[in-house]
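So this one's work_3.tsv, TSV, C-alpha atoms:
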chain	number	residue	atom	x	y	z
I	2	MET	CA	-11.61	21.64	-27.23
I	3	GLY	CA	-10.58	23.15	-23.88
I	4	ALA	CA	-10.98	26.68	-22.64
I	5	VAL	CA	-9.01	29.59	-24.07
I	6	HIS	CA	-6.71	31.09	-21.43
I	7	VAL	CA	-5.81	34.78	-21.34
I	8	ARG	CA	-3.28	36.13	-18.86
I	9	LEU	CA	-1.33	39.34	-18.45
I	10	GLU	CA	2.36	38.77	-17.85
I	11	ASP	CA	5.03	41.38	-17.10
I	12	GLU	CA	5.74	42.23	-20.75
I	13	ALA	CA	2.92	40.68	-22.78
I	14	LEU	CA	-0.70	39.65	-22.97
I	15	VAL	CA	-0.61	35.87	-23.51
I	16	ILE	CA	-3.48	33.99	-25.17
I	17	SER	CA	-3.40	30.19	-25.17
I	18	ASN	CA	-5.80	28.26	-27.41
I	19	PRO	CA	-5.88	24.46	-26.88
I	20	GLY	CA	-5.55	22.17	-29.87
I	21	GLY	CA	-2.40	23.25	-31.68
I	22	LEU	CA	-2.19	24.53	-35.24
I	23	VAL	CA	-4.45	22.98	-37.87
I	24	ASP	CA	-2.96	20.62	-40.46
I	25	GLY	CA	-0.81	22.42	-43.02
I	26	VAL	CA	-0.21	25.50	-40.89
I	27	THR	CA	3.20	25.98	-39.25
I	28	LEU	CA	5.02	28.81	-37.51
I	29	ALA	CA	6.96	29.28	-40.76
I	30	ASN	CA	3.88	29.91	-42.94
I	31	LEU	CA	1.34	31.54	-40.60
I	32	LEU	CA	1.35	34.73	-42.65
I	33	VAL	CA	1.19	33.23	-46.12
I	34	THR	CA	-0.79	29.98	-45.94
I	35	GLU	CA	-4.41	29.82	-47.01
I	36	PRO	CA	-6.91	29.91	-44.10
I	37	ARG	CA	-7.69	26.44	-42.74
I	38	PRO	CA	-10.50	26.55	-40.14
I	39	ARG	CA	-10.72	23.65	-37.69
I	40	ASN	CA	-14.46	23.36	-38.32
I	41	ARG	CA	-15.39	24.49	-41.85
I	42	ALA	CA	-19.15	24.35	-41.24
I	43	LEU	CA	-18.84	26.53	-38.15
I	44	ALA	CA	-16.49	28.94	-39.92
I	45	ASP	CA	-18.91	29.30	-42.85
I	46	ALA	CA	-21.81	29.97	-40.51
I	47	MET	CA	-19.81	32.61	-38.64
I	48	LYS	CA	-18.91	34.30	-41.92
I	49	ARG	CA	-22.54	34.33	-43.05
I	50	ILE	CA	-23.70	36.18	-39.94
I	51	GLY	CA	-20.74	38.58	-40.13
I	52	VAL	CA	-19.04	37.61	-36.88
I	53	VAL	CA	-15.67	36.91	-38.52
I	54	GLU	CA	-13.90	38.29	-41.60
I	55	ARG	CA	-14.82	36.52	-44.81
I	56	SER	CA	-11.13	36.28	-45.70
I	57	GLY	CA	-10.33	34.43	-42.50
I	58	ARG	CA	-6.97	36.19	-42.27
I	59	GLY	CA	-6.97	36.73	-38.53
I	60	VAL	CA	-3.16	36.55	-38.27
I	61	ASP	CA	-2.80	39.48	-40.68
I	62	THR	CA	-5.26	41.48	-38.59
I	63	ILE	CA	-3.30	40.80	-35.40
I	64	TYR	CA	0.01	41.76	-37.04
I	65	ARG	CA	-1.48	44.93	-38.49
I	66	GLY	CA	-3.03	45.95	-35.19
I	67	MET	CA	0.29	45.62	-33.33
I	68	LEU	CA	2.64	47.07	-35.94
I	69	LYS	CA	0.51	50.09	-36.78
I	70	PHE	CA	1.06	51.35	-33.24
I	71	GLY	CA	4.83	50.88	-33.36
I	72	ARG	CA	4.74	47.82	-31.13
I	73	PRO	CA	6.77	44.63	-31.78
I	74	ALA	CA	5.18	41.97	-33.96
I	75	PRO	CA	3.03	39.32	-32.25
I	76	ASP	CA	4.95	36.26	-31.12
I	77	TYR	CA	3.71	32.69	-31.66
I	78	GLY	CA	7.03	31.14	-30.61
I	79	ARG	CA	5.65	29.25	-27.60
I	80	THR	CA	3.13	27.35	-29.74
I	81	ASP	CA	3.39	23.55	-29.60
I	82	THR	CA	1.34	20.53	-30.69
I	83	GLN	CA	-1.05	21.00	-27.77
I	84	ASN	CA	-1.65	24.76	-27.75
I	85	VAL	CA	-1.48	27.79	-30.00
I	86	VAL	CA	0.15	30.43	-27.80
I	87	LEU	CA	0.07	34.07	-28.87
I	88	GLN	CA	2.06	36.75	-27.04
I	89	LEU	CA	1.13	40.40	-27.63
I	90	PRO	CA	3.89	42.70	-26.27
I	91	THR	CA	2.48	45.39	-23.98
I	92	VAL	CA	5.21	47.99	-24.49
I	93	PRO	CA	3.81	51.53	-24.92
I	94	ALA	CA	2.58	52.45	-28.38
I	95	ASP	CA	4.89	54.62	-30.47
I	96	VAL	CA	2.47	57.45	-31.19
I	97	ALA	CA	4.79	59.19	-33.67
I	98	PHE	CA	5.21	55.99	-35.67
I	99	ARG	CA	1.44	55.44	-35.60
I	100	ARG	CA	0.86	58.98	-36.86
I	101	MET	CA	3.34	58.43	-39.69
I	102	VAL	CA	1.61	55.21	-40.82
I	103	VAL	CA	-1.78	56.92	-40.74
I	104	ASP	CA	-0.44	59.79	-42.88
I	105	ILE	CA	1.09	57.38	-45.40
I	106	GLU	CA	-2.13	55.40	-45.72
I	107	ARG	CA	-4.15	58.59	-46.07
I	108	GLN	CA	-1.91	59.69	-48.95
I	109	ARG	CA	-2.17	56.26	-50.57
I	110	GLY	CA	-5.91	56.05	-50.02
I	111	ALA	CA	-5.40	52.47	-48.85
I	112	ASP	CA	-3.78	50.41	-46.11
I	113	LEU	CA	-0.10	49.63	-46.44
I	114	PRO	CA	0.49	46.05	-47.63
I	115	ILE	CA	1.12	43.80	-44.66
I	116	ASP	CA	4.65	42.98	-45.95
I	117	SER	CA	5.49	46.71	-46.04
I	118	LEU	CA	4.15	47.23	-42.54
I	119	ILE	CA	6.18	44.27	-41.25
I	120	ALA	CA	9.28	45.66	-42.99
I	121	LEU	CA	8.87	49.09	-41.39
I	122	GLY	CA	8.26	47.49	-38.01
I	123	ALA	CA	11.31	45.23	-38.32
I	124	LEU	CA	13.54	48.14	-39.38
I	125	ARG	CA	12.21	50.18	-36.48
I	126	GLU	CA	13.16	47.35	-34.10
I	127	PHE	CA	16.37	45.98	-35.63
I	128	LYS	CA	17.61	49.22	-37.29
I	129	ARG	CA	19.24	47.57	-40.35
I	130	LEU	CA	18.18	44.55	-42.43
I	131	SER	CA	19.09	42.75	-45.63
I	132	ALA	CA	16.48	41.33	-47.99
I	133	GLU	CA	17.39	37.85	-46.76
I	134	ALA	CA	16.75	38.85	-43.15
I	135	LEU	CA	13.41	40.48	-43.97
I	136	ALA	CA	12.34	37.36	-45.90
I	137	GLN	CA	12.22	35.49	-42.59
I	138	HIS	CA	9.95	38.13	-41.05
I	139	ILE	CA	7.44	38.15	-43.92
I	140	GLN	CA	7.75	34.39	-44.53
I	141	ARG	CA	8.50	34.82	-48.23
I	142	ASP	CA	11.57	34.40	-50.43
I	143	ALA	CA	14.41	36.94	-50.62
I	144	ALA	CA	13.26	38.21	-54.02
I	145	SER	CA	9.84	39.14	-52.60
I	146	ALA	CA	11.48	40.80	-49.61
I	147	LYS	CA	13.75	42.81	-51.88
I	148	ARG	CA	10.77	44.03	-53.93
I	149	THR	CA	9.08	45.18	-50.73
I	150	LEU	CA	12.20	47.03	-49.57
I	151	GLU	CA	12.84	48.62	-52.96
I	152	ALA	CA	9.21	49.81	-53.13
I	153	LEU	CA	9.62	51.41	-49.69
I	154	THR	CA	12.89	52.96	-50.88
I	155	GLU	CA	11.15	54.51	-53.88
I	156	ALA	CA	8.48	55.85	-51.52
I	157	GLY	CA	11.18	57.59	-49.46
I	158	LEU	CA	10.53	55.53	-46.32
I	159	VAL	CA	13.66	53.36	-46.51
I	160	GLU	CA	17.24	53.93	-47.63
I	161	ALA	CA	19.44	51.32	-49.34
I	162	HIS	CA	23.14	51.02	-48.53
I	163	GLY	CA	25.84	49.18	-50.43
I	164	ASN	CA	25.95	47.35	-53.72
I	165	THR	CA	23.59	44.67	-54.93
I	166	ARG	CA	25.46	41.79	-53.33
I	167	GLY	CA	25.84	43.32	-49.87
I	168	ARG	CA	22.85	45.64	-49.91
I	169	SER	CA	21.25	46.53	-46.59
I	170	TYR	CA	18.41	48.83	-45.64
I	171	THR	CA	17.56	51.32	-42.88
I	172	LEU	CA	14.64	53.63	-42.24
I	173	SER	CA	15.13	56.89	-44.12
I	174	ALA	CA	16.16	60.23	-42.64
I	175	SER	CA	12.62	61.52	-43.16
I	176	VAL	CA	11.16	58.66	-41.10
I	177	TYR	CA	13.64	59.17	-38.26
I	178	SER	CA	12.80	62.87	-38.38
I	179	VAL	CA	9.10	62.12	-38.05
I	180	VAL	CA	9.65	59.85	-35.05
I	181	SER	CA	11.96	62.48	-33.48
I	182	ASP	CA	15.08	60.31	-33.41
I	183	LYS	CA	17.52	62.02	-35.78
I	184	ALA	CA	20.54	60.82	-33.81
I	185	ALA	CA	19.47	57.21	-34.38
I	186	TYR	CA	19.51	57.81	-38.13
I	187	THR	CA	23.11	59.02	-37.99
I	188	ARG	CA	24.13	56.02	-35.89
I	189	GLN	CA	22.50	53.51	-38.23
I	190	VAL	CA	23.65	55.01	-41.52
I	191	GLY	CA	27.14	55.50	-40.19
I	192	PHE	CA	29.89	57.16	-42.16
I	193	GLY	CA	29.73	57.89	-45.87
I	194	PRO	CA	32.17	56.75	-48.59
I	195	ILE	CA	34.54	59.71	-48.07
I	196	GLN	CA	34.74	59.10	-44.34
I	197	HIS	CA	35.36	55.40	-44.98
I	198	GLU	CA	38.26	56.24	-47.28
I	199	GLN	CA	39.81	58.53	-44.70
I	200	MET	CA	39.44	55.89	-41.99
I	201	VAL	CA	41.23	53.29	-44.14
I	202	LEU	CA	44.02	55.69	-45.13
I	203	SER	CA	44.51	56.75	-41.53
I	204	TYR	CA	44.70	53.09	-40.44
I	205	VAL	CA	47.32	52.36	-43.12
I	206	ARG	CA	49.42	55.37	-42.06
I	207	GLN	CA	49.31	54.26	-38.44
I	208	HIS	CA	49.84	50.52	-38.92
I	209	GLY	CA	51.60	50.31	-42.29
I	210	GLN	CA	49.03	47.98	-43.84
I	211	ILE	CA	45.42	46.84	-43.73
I	212	LYS	CA	43.54	43.69	-44.73
I	213	ARG	CA	40.03	43.38	-46.12
I	214	ALA	CA	38.72	41.84	-42.89
I	215	GLU	CA	40.16	44.77	-40.95
I	216	VAL	CA	38.37	47.20	-43.31
I	217	MET	CA	35.09	45.35	-42.70
I	218	ASP	CA	35.56	45.64	-38.93
I	219	LEU	CA	36.83	49.24	-39.01
I	220	CYS	CA	34.07	50.64	-41.24
I	221	ARG	CA	31.32	48.13	-40.38
I	222	LEU	CA	30.98	47.08	-44.02
I	223	THR	CA	30.05	43.80	-45.67
I	224	GLU	CA	32.75	41.87	-47.53
I	225	GLY	CA	31.46	43.16	-50.88
I	226	GLN	CA	31.38	46.76	-49.66
I	227	ALA	CA	34.92	46.51	-48.25
I	228	LYS	CA	36.18	45.01	-51.50
I	229	GLU	CA	34.64	47.86	-53.52
I	230	LEU	CA	36.11	50.50	-51.17
I	231	LEU	CA	39.60	49.02	-51.47
I	232	ARG	CA	39.25	48.75	-55.26
I	233	ARG	CA	38.43	52.48	-55.48
I	234	LEU	CA	41.42	53.38	-53.32
I	235	VAL	CA	43.76	51.27	-55.47
I	236	ILE	CA	42.42	52.77	-58.74
I	237	SER	CA	42.83	56.29	-57.35
I	238	LYS	CA	46.42	55.39	-56.38
I	239	LYS	CA	45.93	56.02	-52.68
I	240	ILE	CA	46.95	52.49	-51.65
I	241	ASP	CA	48.73	49.53	-53.23
I	242	LEU	CA	47.79	45.85	-53.15
I	243	ARG	CA	50.47	43.44	-51.97
I	244	GLY	CA	50.19	39.67	-52.21
I	245	ALA	CA	47.21	37.54	-53.23
I	246	GLY	CA	44.46	35.49	-51.64
I	247	ARG	CA	44.47	35.28	-47.87
I	248	ALA	CA	47.94	36.82	-47.73
I	249	SER	CA	46.88	39.98	-49.56
I	250	MET	CA	47.16	43.33	-47.82
I	251	TYR	CA	47.03	46.98	-48.70
I	252	VAL	CA	49.80	49.52	-48.05
I	253	GLU	CA	50.43	53.17	-48.80
I	254	PHE	CA	50.78	53.96	-52.48
I	255	ALA	CA	54.38	54.24	-53.63
I	256	SER	CA	55.01	56.30	-56.77
I	257	PRO	CA	57.64	55.03	-59.24
I	258	ALA	CA	60.05	57.67	-57.94
I	259	GLN	CA	59.63	56.38	-54.40
I	260	ALA	CA	59.87	52.71	-55.30

Could you render the structure as structure tokens?
Amino acid sequence: MGAVHVRLEDEALVISNPGGLVDGVTLANLLVTEPRPRNRALADAMKRIGVVERSGRGVDTIYRGMLKFGRPAPDYGRTDTQNVVLQLPTVPADVAFRRMVVDIERQRGADLPIDSLIALGALREFKRLSAEALAQHIQRDAASAKRTLEALTEAGLVEAHGNTRGRSYTLSASVYSVVSDKAAYTRQVGFGPIQHEQMVLSYVRQHGQIKRAEVMDLCRLTEGQAKELLRRLVISKKIDLRGAGRASMYVEFASPAQA
């Protein structure tokens, strides 16, 4: 084994460990695979004298240490067959976010699960995520990611938007309030159902018609959300559906007397 190299670059502390990942460990399962030490006898000896954690979950510890301070997650993307390369972003810690996590864990009487911490960190960075997108961050399936997000929603830390099929998630208003970024909450949540309806009706009055794809672009909705919005407007007799399939469009409602 060669020497471990540590260097400070412009935006990260980079640690390079010669030898590559051990058999069975990949960049896609770093967070969820069972620990596999390169030298089991050495690892056992180190555990016995208390130098390393008995669990061997060093990756979890690194993730937790970065995310708790509102920093981006550690990056192993430059790892190859010859070296394990870890980049730790050196952006300033988000003290407000750190304080919020500490308060939550104090109330719980326990650390947040690592999946929950990753979810909060990802939402802080990317603003809005689906369960499928979070699944890639926590290296689990979409069902597991959804359970994590729904648990955070019940705890008041995350808000869900849209129906089951097109559901997405943002940090809640209370979280944005804690981190002193209320304007960001308004930008991410966007307009509510009533505003969406008015936007569609105004578009139809101006242009004579609207298609589902145009609703998605206008209101920044998923296909399922746009479909549900248009369905409500048709049922409430505010617009009419013309045509079918790709040729379908929506126009102003015409009463029988007007037709």

May I have the residues within 7 Å of Asp241 (chain I) as number ranges by chain, using all atoms listed in the file and disregarding those fewer than 3 positions away in the same chain?
I: 235, 251-254

With C-alpha atoms retained, could you export that selection as a PDB file, keeping the file's coordinate frame?
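Saved as again15.pdb:
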ATOM      1  CA  VAL I 235      43.760  51.270 -55.470  1.00  0.00           C
ATOM      2  CA  TYR I 251      47.030  46.980 -48.700  1.00  0.00           C
ATOM      3  CA  VAL I 252      49.800  49.520 -48.050  1.00  0.00           C
ATOM      4  CA  GLU I 253      50.430  53.170 -48.800  1.00  0.00           C
ATOM      5  CA  PHE I 254      50.780  53.960 -52.480  1.00  0.00           C
TER       6      PHE I 254
END

Here is a test: counting only C-alpha atoms, which residue of I:Val96, I:Leu28, I:Ile115, I:Pro36 is nearest to Ile63 (chain I)?
I:Ile115

Selection: 9 Å around region 203-206 of chain I, all atoms listed in the file, excl. self and same-chain fewer than 3 positions, as an MDAnalysis selection string
chainID I and resid 198:200 209:211 219 240 251:253

Tell me which of I:Ile119, I:Leu150, I:Ile16, I:Val201 sits closest to Leu89 (chain I), counting all atoms listed in the file.
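With all atoms listed in the file as the atom set, the closest residue is I:Ile16.
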
Just the residues within 10 Å of Leu130 (chain I), please, counting all atoms listed in the file, with nothing from its chain fewer than 2 positions along; format it as an mmCIF file with C-alpha atoms, keeping the file's coordinate frame.
data_model
loop_
_atom_site.group_PDB
_atom_site.id
_atom_site.type_symbol
_atom_site.label_atom_id
_atom_site.label_comp_id
_atom_site.auth_asym_id
_atom_site.auth_seq_id
_atom_site.Cartn_x
_atom_site.Cartn_y
_atom_site.Cartn_z
ATOM 1 C CA ALA I 120 9.280 45.660 -42.990
ATOM 2 C CA ALA I 123 11.310 45.230 -38.320
ATOM 3 C CA LEU I 124 13.540 48.140 -39.380
ATOM 4 C CA PHE I 127 16.370 45.980 -35.630
ATOM 5 C CA LYS I 128 17.610 49.220 -37.290
ATOM 6 C CA ALA I 132 16.480 41.330 -47.990
ATOM 7 C CA GLU I 133 17.390 37.850 -46.760
ATOM 8 C CA ALA I 134 16.750 38.850 -43.150
ATOM 9 C CA LEU I 135 13.410 40.480 -43.970
ATOM 10 C CA ALA I 136 12.340 37.360 -45.900
ATOM 11 C CA LEU I 150 12.200 47.030 -49.570
ATOM 12 C CA ALA I 161 19.440 51.320 -49.340
ATOM 13 C CA ARG I 168 22.850 45.640 -49.910
ATOM 14 C CA SER I 169 21.250 46.530 -46.590
ATOM 15 C CA TYR I 170 18.410 48.830 -45.640
ATOM 16 C CA THR I 171 17.560 51.320 -42.880
ATOM 17 C CA LEU I 172 14.640 53.630 -42.240
#

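Each of I:Ile236, I:Val5, I:Val102, I:Ala144 was compared to Gly122 (chain I) using only C-alpha atoms, and I:Val102 turns out to be the nearest.
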
Please determine, counting all atoms listed in the file, which residue among I:Leu68, I:Cys220, I:Ile139, I:Leu153 has the shortest atom-to-atom distance to Ala29 (chain I).
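That would be I:Ile139, the residue with the smallest distance to Ala29 (chain I).
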
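Of the listed residues (I:Asp112, I:Glu160, I:Asp104, I:Asp95), I:Asp112 comes nearest to Arg65 (chain I); the distances count all atoms listed in the file.
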
Option closest in space to Val33 (chain I), from I:Ala97, I:Gly21, I:Arg109, I:His138 [counting only C-alpha atoms]:
I:His138

Residues within 6 Å of (11.9, 55.6, -43.2), file coordinates, counting only C-alpha atoms: what are they? Give the list as a PyMOL selection string.
chain I and resi 158-159+172-173+175-176
